[in-house]
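Undergrad: Sharing target_39.csv below, CSV, C-alpha atoms and all ligand atoms:
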```csv
chain,number,residue,atom,x,y,z
A,1237,MET,CA,88.0,-26.1,2.6
A,1238,VAL,CA,85.2,-25.0,4.9
A,1239,THR,CA,83.6,-27.8,6.9
A,1240,GLU,CA,81.3,-28.1,9.9
A,1241,LYS,CA,84.5,-28.3,12.0
A,1242,THR,CA,85.6,-24.8,10.7
A,1243,LEU,CA,82.3,-23.4,11.9
A,1244,ARG,CA,82.4,-25.2,15.3
A,1245,GLU,CA,86.0,-24.0,15.9
A,1246,ALA,CA,85.2,-20.4,15.0
A,1247,LEU,CA,82.1,-20.4,17.3
A,1248,ALA,CA,84.2,-21.9,20.1
A,1249,ARG,CA,87.0,-19.4,19.7
A,1250,TYR,CA,84.5,-16.5,19.7
A,1251,THR,CA,82.9,-17.8,22.9
A,1252,ALA,CA,86.3,-18.4,24.6
A,1253,ARG,CA,87.5,-14.8,23.9
A,1254,THR,CA,84.2,-12.9,24.5
A,1255,GLY,CA,82.2,-15.0,26.9
A,1256,MET,CA,79.3,-14.6,24.4
A,1257,THR,CA,77.6,-17.1,22.1
A,1258,LEU,CA,76.8,-16.2,18.5
A,1259,HIS,CA,73.0,-16.7,18.0
A,1260,ASP,CA,70.3,-15.8,15.5
A,1261,PRO,CA,72.7,-13.8,13.3
A,1262,VAL,CA,71.1,-10.7,11.6
A,1263,ALA,CA,74.0,-8.8,10.1
A,1264,ALA,CA,77.3,-9.3,8.3
A,1265,LEU,CA,79.8,-6.5,8.3
A,1266,PHE,CA,82.0,-6.4,5.2
A,1267,ASP,CA,85.2,-4.6,4.8
A,1268,MET,CA,85.7,-3.2,1.2
A,1269,ASP,CA,89.3,-3.3,0.0
A,1270,GLY,CA,90.7,-6.8,-0.3
A,1271,VAL,CA,87.2,-8.2,0.6
A,1272,LEU,CA,84.6,-6.8,-1.8
A,1273,TYR,CA,87.1,-5.6,-4.3
A,1274,ASP,CA,90.5,-7.0,-5.3
A,1275,SER,CA,91.8,-3.4,-5.0
A,1276,MET,CA,94.9,-3.7,-2.8
A,1277,PRO,CA,97.5,-4.2,-5.5
A,1278,ARG,CA,96.3,-1.0,-7.1
A,1279,HIS,CA,96.1,0.9,-3.8
A,1280,SER,CA,99.7,-0.2,-3.1
A,1281,ILE,CA,100.9,1.1,-6.5
A,1282,ALA,CA,99.0,4.4,-6.1
A,1283,TRP,CA,100.4,5.0,-2.6
A,1284,LYS,CA,103.9,4.2,-3.7
A,1285,GLN,CA,103.7,6.6,-6.7
A,1286,MET,CA,102.2,9.4,-4.6
A,1287,CYS,CA,105.1,8.9,-2.1
A,1288,ASP,CA,107.7,9.0,-4.8
A,1289,GLU,CA,106.3,12.2,-6.2
A,1290,ASN,CA,106.5,13.9,-2.8
A,1291,GLY,CA,109.9,12.7,-1.6
A,1292,ILE,CA,108.5,10.2,0.9
A,1293,ALA,CA,110.4,6.8,1.0
A,1294,ALA,CA,108.0,3.8,1.1
A,1295,ASP,CA,107.9,0.1,0.3
A,1296,PRO,CA,105.0,-1.0,-1.8
A,1297,ASP,CA,104.3,-4.0,0.5
A,1298,GLU,CA,104.0,-1.9,3.7
A,1299,PHE,CA,100.6,-0.7,2.5
A,1300,TYR,CA,99.2,-4.2,3.3
A,1301,ALA,CA,100.3,-3.7,6.9
A,1302,LEU,CA,98.8,-0.1,7.0
A,1303,GLU,CA,95.6,-1.3,5.3
A,1304,GLY,CA,92.4,-0.4,7.3
A,1305,ARG,CA,93.7,2.9,8.6
A,1306,THR,CA,92.0,6.0,7.2
A,1307,GLY,CA,93.9,7.9,4.4
A,1308,ALA,CA,94.6,10.7,6.9
A,1309,SER,CA,96.2,8.3,9.4
A,1310,THR,CA,98.3,6.6,6.8
A,1311,ILE,CA,99.6,10.0,5.4
A,1312,ASP,CA,100.4,11.2,8.9
A,1313,ILE,CA,102.5,8.0,9.5
A,1314,LEU,CA,104.4,8.4,6.2
A,1315,VAL,CA,105.0,12.1,6.6
A,1316,TYR,CA,106.1,11.8,10.3
A,1317,ARG,CA,108.6,9.0,9.4
A,1318,GLN,CA,110.1,11.0,6.5
A,1319,PHE,CA,110.1,14.6,7.8
A,1320,GLY,CA,109.8,14.1,11.6
A,1321,ARG,CA,106.6,16.3,11.9
A,1322,HIS,CA,102.9,15.7,11.7
A,1323,THR,CA,100.7,16.6,8.6
A,1324,THR,CA,98.6,19.6,8.1
A,1325,ASP,CA,94.9,19.3,7.0
A,1326,GLU,CA,95.8,20.9,3.6
A,1327,GLU,CA,98.6,18.3,3.1
A,1328,VAL,CA,96.3,15.4,3.9
A,1329,ARG,CA,93.7,16.7,1.4
A,1330,ARG,CA,96.3,17.2,-1.3
A,1331,LEU,CA,98.2,14.0,-0.9
A,1332,TYR,CA,95.0,11.9,-0.5
A,1333,ALA,CA,93.5,13.5,-3.6
A,1334,ARG,CA,96.6,12.7,-5.6
A,1335,LYS,CA,96.6,9.1,-4.4
A,1336,SER,CA,92.9,8.7,-5.2
A,1337,GLU,CA,93.4,10.2,-8.7
A,1338,LEU,CA,96.2,7.7,-9.4
A,1339,PHE,CA,94.1,4.8,-8.1
A,1340,LYS,CA,91.1,5.9,-10.2
A,1341,ALA,CA,93.2,6.2,-13.3
A,1342,MET,CA,93.9,2.4,-13.1
A,1343,GLY,CA,90.4,1.8,-14.3
A,1344,ARG,CA,87.2,0.0,-13.3
A,1345,PRO,CA,87.6,-1.8,-10.0
A,1346,ILE,CA,87.8,-5.6,-9.9
A,1347,VAL,CA,85.2,-7.4,-7.9
A,1348,MET,CA,86.8,-9.9,-5.6
A,1349,PRO,CA,86.1,-13.5,-6.8
A,1350,GLY,CA,83.6,-15.1,-4.5
A,1351,ALA,CA,82.5,-11.8,-2.8
A,1352,LEU,CA,79.2,-11.5,-4.5
A,1353,SER,CA,78.3,-15.1,-3.5
A,1354,ALA,CA,79.3,-14.2,0.1
A,1355,VAL,CA,77.0,-11.2,0.1
A,1356,GLU,CA,74.2,-13.2,-1.5
A,1357,ALA,CA,74.7,-16.0,1.1
A,1358,VAL,CA,73.8,-13.4,3.8
A,1359,THR,CA,70.8,-11.8,2.0
A,1360,GLU,CA,69.3,-15.1,0.8
A,1361,GLU,CA,69.2,-16.3,4.4
A,1362,GLY,CA,67.6,-13.0,5.6
A,1363,GLY,CA,70.7,-11.2,6.9
A,1364,LYS,CA,71.7,-7.6,6.3
A,1365,PRO,CA,75.0,-6.8,4.8
A,1366,VAL,CA,76.7,-3.6,6.1
A,1367,LEU,CA,79.8,-1.9,4.7
A,1368,VAL,CA,82.6,-1.1,7.2
A,1369,THR,CA,85.6,0.5,5.5
A,1370,GLY,CA,88.3,3.0,6.4
A,1371,SER,CA,88.3,4.1,2.8
A,1372,GLY,CA,87.0,7.4,1.4
A,1373,GLN,CA,87.8,6.4,-2.2
A,1374,ALA,CA,84.8,7.8,-4.0
A,1375,SER,CA,85.4,5.8,-7.2
A,1376,LEU,CA,85.0,2.5,-5.3
A,1377,LEU,CA,82.1,3.6,-3.1
A,1378,GLU,CA,80.2,4.7,-6.2
A,1379,SER,CA,80.8,1.3,-7.9
A,1380,LEU,CA,79.3,-0.7,-5.0
A,1381,ASN,CA,75.6,-0.1,-6.0
A,1382,LEU,CA,76.2,-1.5,-9.5
A,1383,ASP,CA,78.5,-4.4,-8.6
A,1384,TYR,CA,76.6,-5.5,-5.5
A,1385,HIS,CA,73.1,-4.9,-6.8
A,1386,GLY,CA,72.1,-2.4,-4.0
A,1387,ALA,CA,73.1,-4.7,-1.2
A,1388,PHE,CA,74.8,-1.8,0.5
A,1389,PRO,CA,72.4,1.1,0.6
A,1390,ALA,CA,73.6,4.5,1.9
A,1391,ASP,CA,72.3,4.0,5.4
A,1392,ARG,CA,74.3,0.7,5.7
A,1393,ARG,CA,77.7,2.1,5.0
A,1394,VAL,CA,80.4,3.2,7.4
A,1395,THR,CA,83.3,4.9,5.6
A,1396,ALA,CA,86.3,7.1,6.5
A,1397,HIS,CA,83.8,10.1,6.7
A,1398,ASP,CA,81.7,8.5,9.5
A,1399,VAL,CA,84.3,7.8,12.2
A,1400,SER,CA,86.7,9.8,14.4
A,1401,HIS,CA,88.9,6.7,15.0
A,1402,GLY,CA,89.7,4.5,12.0
A,1403,LYS,CA,90.7,0.8,12.3
A,1404,PRO,CA,92.3,-0.8,14.4
A,1405,HIS,CA,90.0,1.1,16.9
A,1406,PRO,CA,86.7,-0.7,17.3
A,1407,GLU,CA,84.6,2.4,16.4
A,1408,PRO,CA,84.1,1.5,12.7
A,1409,TYR,CA,82.6,-1.9,13.4
A,1410,LEU,CA,80.6,-0.6,16.4
A,1411,LYS,CA,79.1,2.0,14.1
A,1412,GLY,CA,78.3,-0.8,11.6
A,1413,LEU,CA,76.3,-2.6,14.3
A,1414,GLU,CA,74.5,0.6,15.2
A,1415,LYS,CA,73.4,1.1,11.6
A,1416,VAL,CA,71.3,-2.0,11.7
A,1417,GLY,CA,70.6,-2.1,15.5
A,1418,ALA,CA,72.3,-5.5,15.8
A,1419,PRO,CA,73.8,-6.7,19.1
A,1420,ARG,CA,77.4,-7.8,18.8
A,1421,ASP,CA,76.6,-11.4,19.5
A,1422,ARG,CA,74.2,-11.5,16.5
A,1423,ALA,CA,76.6,-10.3,13.8
A,1424,VAL,CA,79.8,-11.4,12.0
A,1425,ALA,CA,82.6,-9.4,10.4
A,1426,VAL,CA,84.7,-10.2,7.3
A,1427,ASP,CA,88.0,-8.4,7.0
A,1428,ASN,CA,91.3,-9.1,5.2
A,1429,ALA,CA,93.8,-6.9,7.0
A,1430,PRO,CA,95.4,-7.4,10.5
A,1431,LEU,CA,94.2,-3.9,11.6
A,1432,GLY,CA,90.7,-4.5,10.3
A,1433,VAL,CA,90.5,-7.9,12.1
A,1434,GLU,CA,91.8,-6.2,15.3
A,1435,SER,CA,89.0,-3.6,15.0
A,1436,ALA,CA,86.2,-6.2,14.4
A,1437,SER,CA,87.5,-8.4,17.1
A,1438,ALA,CA,87.7,-5.6,19.6
A,1439,ALA,CA,84.1,-4.6,18.7
A,1440,GLY,CA,83.0,-8.1,20.0
A,1441,VAL,CA,81.7,-9.6,16.8
A,1442,LEU,CA,82.6,-13.0,15.4
A,1443,THR,CA,85.5,-12.2,13.1
A,1444,ILE,CA,86.2,-14.0,9.9
A,1445,GLY,CA,89.7,-13.2,8.6
A,1446,VAL,CA,90.2,-13.7,4.9
A,1447,ARG,CA,93.8,-13.8,3.7
A,1448,THR,CA,93.4,-12.5,0.1
A,1449,GLY,CA,96.8,-10.7,-0.1
A,1450,PRO,CA,100.4,-11.5,0.5
A,1451,LEU,CA,100.2,-11.8,4.4
A,1452,PRO,CA,101.8,-14.9,6.0
A,1453,ALA,CA,99.5,-17.7,7.2
A,1454,GLY,CA,98.3,-17.2,10.7
A,1455,SER,CA,98.6,-13.4,10.7
A,1456,LEU,CA,94.9,-12.8,10.9
A,1457,LEU,CA,94.4,-15.3,13.7
A,1458,ALA,CA,97.2,-13.5,15.5
A,1459,ALA,CA,95.4,-10.2,15.0
A,1460,GLY,CA,92.3,-11.7,16.8
A,1461,ALA,CA,90.3,-13.4,14.0
A,1462,ASP,CA,88.0,-16.3,15.1
A,1463,THR,CA,88.8,-18.1,11.9
A,1464,GLU,CA,91.3,-17.5,9.0
A,1465,LEU,CA,90.2,-18.4,5.5
A,1466,THR,CA,92.1,-18.0,2.2
A,1467,SER,CA,89.4,-16.8,-0.2
A,1468,MET,CA,86.0,-15.1,-0.4
A,1469,ASP,CA,84.6,-18.3,-1.9
A,1470,GLU,CA,85.4,-20.0,1.5
A,1471,ALA,CA,83.9,-17.0,3.3
A,1472,ALA,CA,80.7,-17.5,1.2
A,1473,GLU,CA,80.4,-21.1,2.4
A,1474,LEU,CA,81.0,-20.2,6.0
A,1475,LEU,CA,78.5,-17.3,5.9
A,1476,ARG,CA,75.9,-19.6,4.5
A,1477,MET,CA,76.4,-22.0,7.4
A,1478,ILE,CA,76.3,-19.3,9.9
A,1479,PHE,CA,73.1,-17.6,8.6
A,1480,ASN,CA,71.5,-21.0,8.4
A,1481,MET,CA,72.1,-21.8,12.1
B,1,MG,MG,90.6,-4.5,3.6
```
How would this structure read if it were set down as structure tokens?
TA:
Amino acid sequence: MVTEKTLREALARYTARTGMTLHDPVAALFDMDGVLYDSMPRHSIAWKQMCDENGIAADPDEFYALEGRTGASTIDILVYRQFGRHTTDEEVRRLYARKSELFKAMGRPIVMPGALSAVEAVTEEGGKPVLVTGSGQASLLESLNLDYHGAFPADRRVTAHDVSHGKPHPEPYLKGLEKVGAPRDRAVAVDNAPLGVESASAAGVLTIGVRTGPLPAGSLLAAGADTELTSMDEAAELLRMIFNM
């Protein structure tokens, strides 16, 4: 449950680690997979099948630990581990296209329960939502307009195509701040993956970790989150408090 104490502790932790004070928040940076969409189980299945088809050994659960990386980075890690060499651009294109095709075939993406309320909590209090994802999955990016009623226009999206360094590097979240001209002490980030939390935390924004998958309790705090919640419904409550400050 989210209380005033949750908010106070998150603000205190943010100040202790950055030396800054969150004030007059103007932007909320949202990760996509595992935050806006309940898409991770399908991603995991699609990655595993693509690996099976290409003679790459993989465990379906390891994709939760790799989550946040760009597709190219994930493919390079898998190929290097299996074959002891780095990928070629052609191979990345081919394997990522196959993984994307398998993912898309699983049907219409599932909106994460509570996520629409979380986005609305921000817009209703005058804040701007910004998408910050390592994904380049066209089928999901296209669904956003419909599912989130235009809350993420094209000029407020950072995707795999916009960055040279994916998460856990801070670049994606720093680019997200740039998109709306927000200083880092006037924005918050919401991410579900350890590498995503690490990226947001390193970018210097107050970082809300939301454990929507099978990770153990405390893993997002350990990655640098200022608070760790267990659902997007809780994130909606906390965001409303923050944008009401
Ligand atoms: Mg995610």
Undergrad: Counting all atoms listed in the file, which protein, DNA or RNA residues come within 12 Å of ligand MG 1 (chain B), given as a PyMOL selection string?
TA: chain A and resi 1265-1277+1279+1299-1306+1348+1367-1371+1403-1404+1425-1436+1445-1449+1456
Undergrad: Using only C-alpha atoms, find the one residue out of A:Leu1465, A:Val1424, A:Val1315, A:Gly1307 that sits nearest to His1401 of chain A.
TA: A:Gly1307
Undergrad: Please, what distance in Å, to one decimal, runs between atom CA of Ala1263 of chain A and atom CA of Gly1372 of chain A?
TA: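 According to the coordinates, atom CA of Ala1263 of chain A and atom CA of Gly1372 of chain A are separated by 22.5 Å.
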Undergrad: Fewer than 5 positions away in the same chain doesn't count, so skip those; otherwise give me all residues within 10 Å of His1385 of chain A, counting all atoms listed in the file, as a CSV table (one decimal) with C-alpha atoms, in the frame of the given file.
TA:
```
chain,number,residue,atom,x,y,z
A,1352,LEU,CA,79.2,-11.5,-4.5
A,1356,GLU,CA,74.2,-13.2,-1.5
A,1379,SER,CA,80.8,1.3,-7.9
A,1380,LEU,CA,79.3,-0.7,-5.0
```
Undergrad: What gap, in Å, lies between atom CA of Asp1260 of chain A and atom CA of Asp1398 of chain A?
TA: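 Straight-line distance from atom CA of Asp1260 of chain A to atom CA of Asp1398 of chain A works out to 27.5 Å.
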Undergrad: Return as AutoDock Vina command-line options the box centre and box size in Å, one decimal, for an axis-aligned box around all listed atoms of segment 1392-1403 of chain A padded by 4 Å per side.
TA:
```
--center_x 82.5 --center_y 5.4 --center_z 10.0 --size_x 24.4 --size_y 17.4 --size_z 18.0
```
Undergrad: Counting only C-alpha atoms, which residue out of A:Ser1437, A:Thr1323, A:Asn1381, A:Thr1257 sits closest to Pro1408 of chain A?
TA: A:Ser1437
Undergrad: Using all atoms listed in the file, pick whichever of A:Trp1283, A:Asp1297, A:Ile1311, A:Arg1392 has the shortest atom-to-atom distance to Leu1338 of chain A.
TA: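 Closest residue, counting all atoms listed in the file: A:Trp1283.
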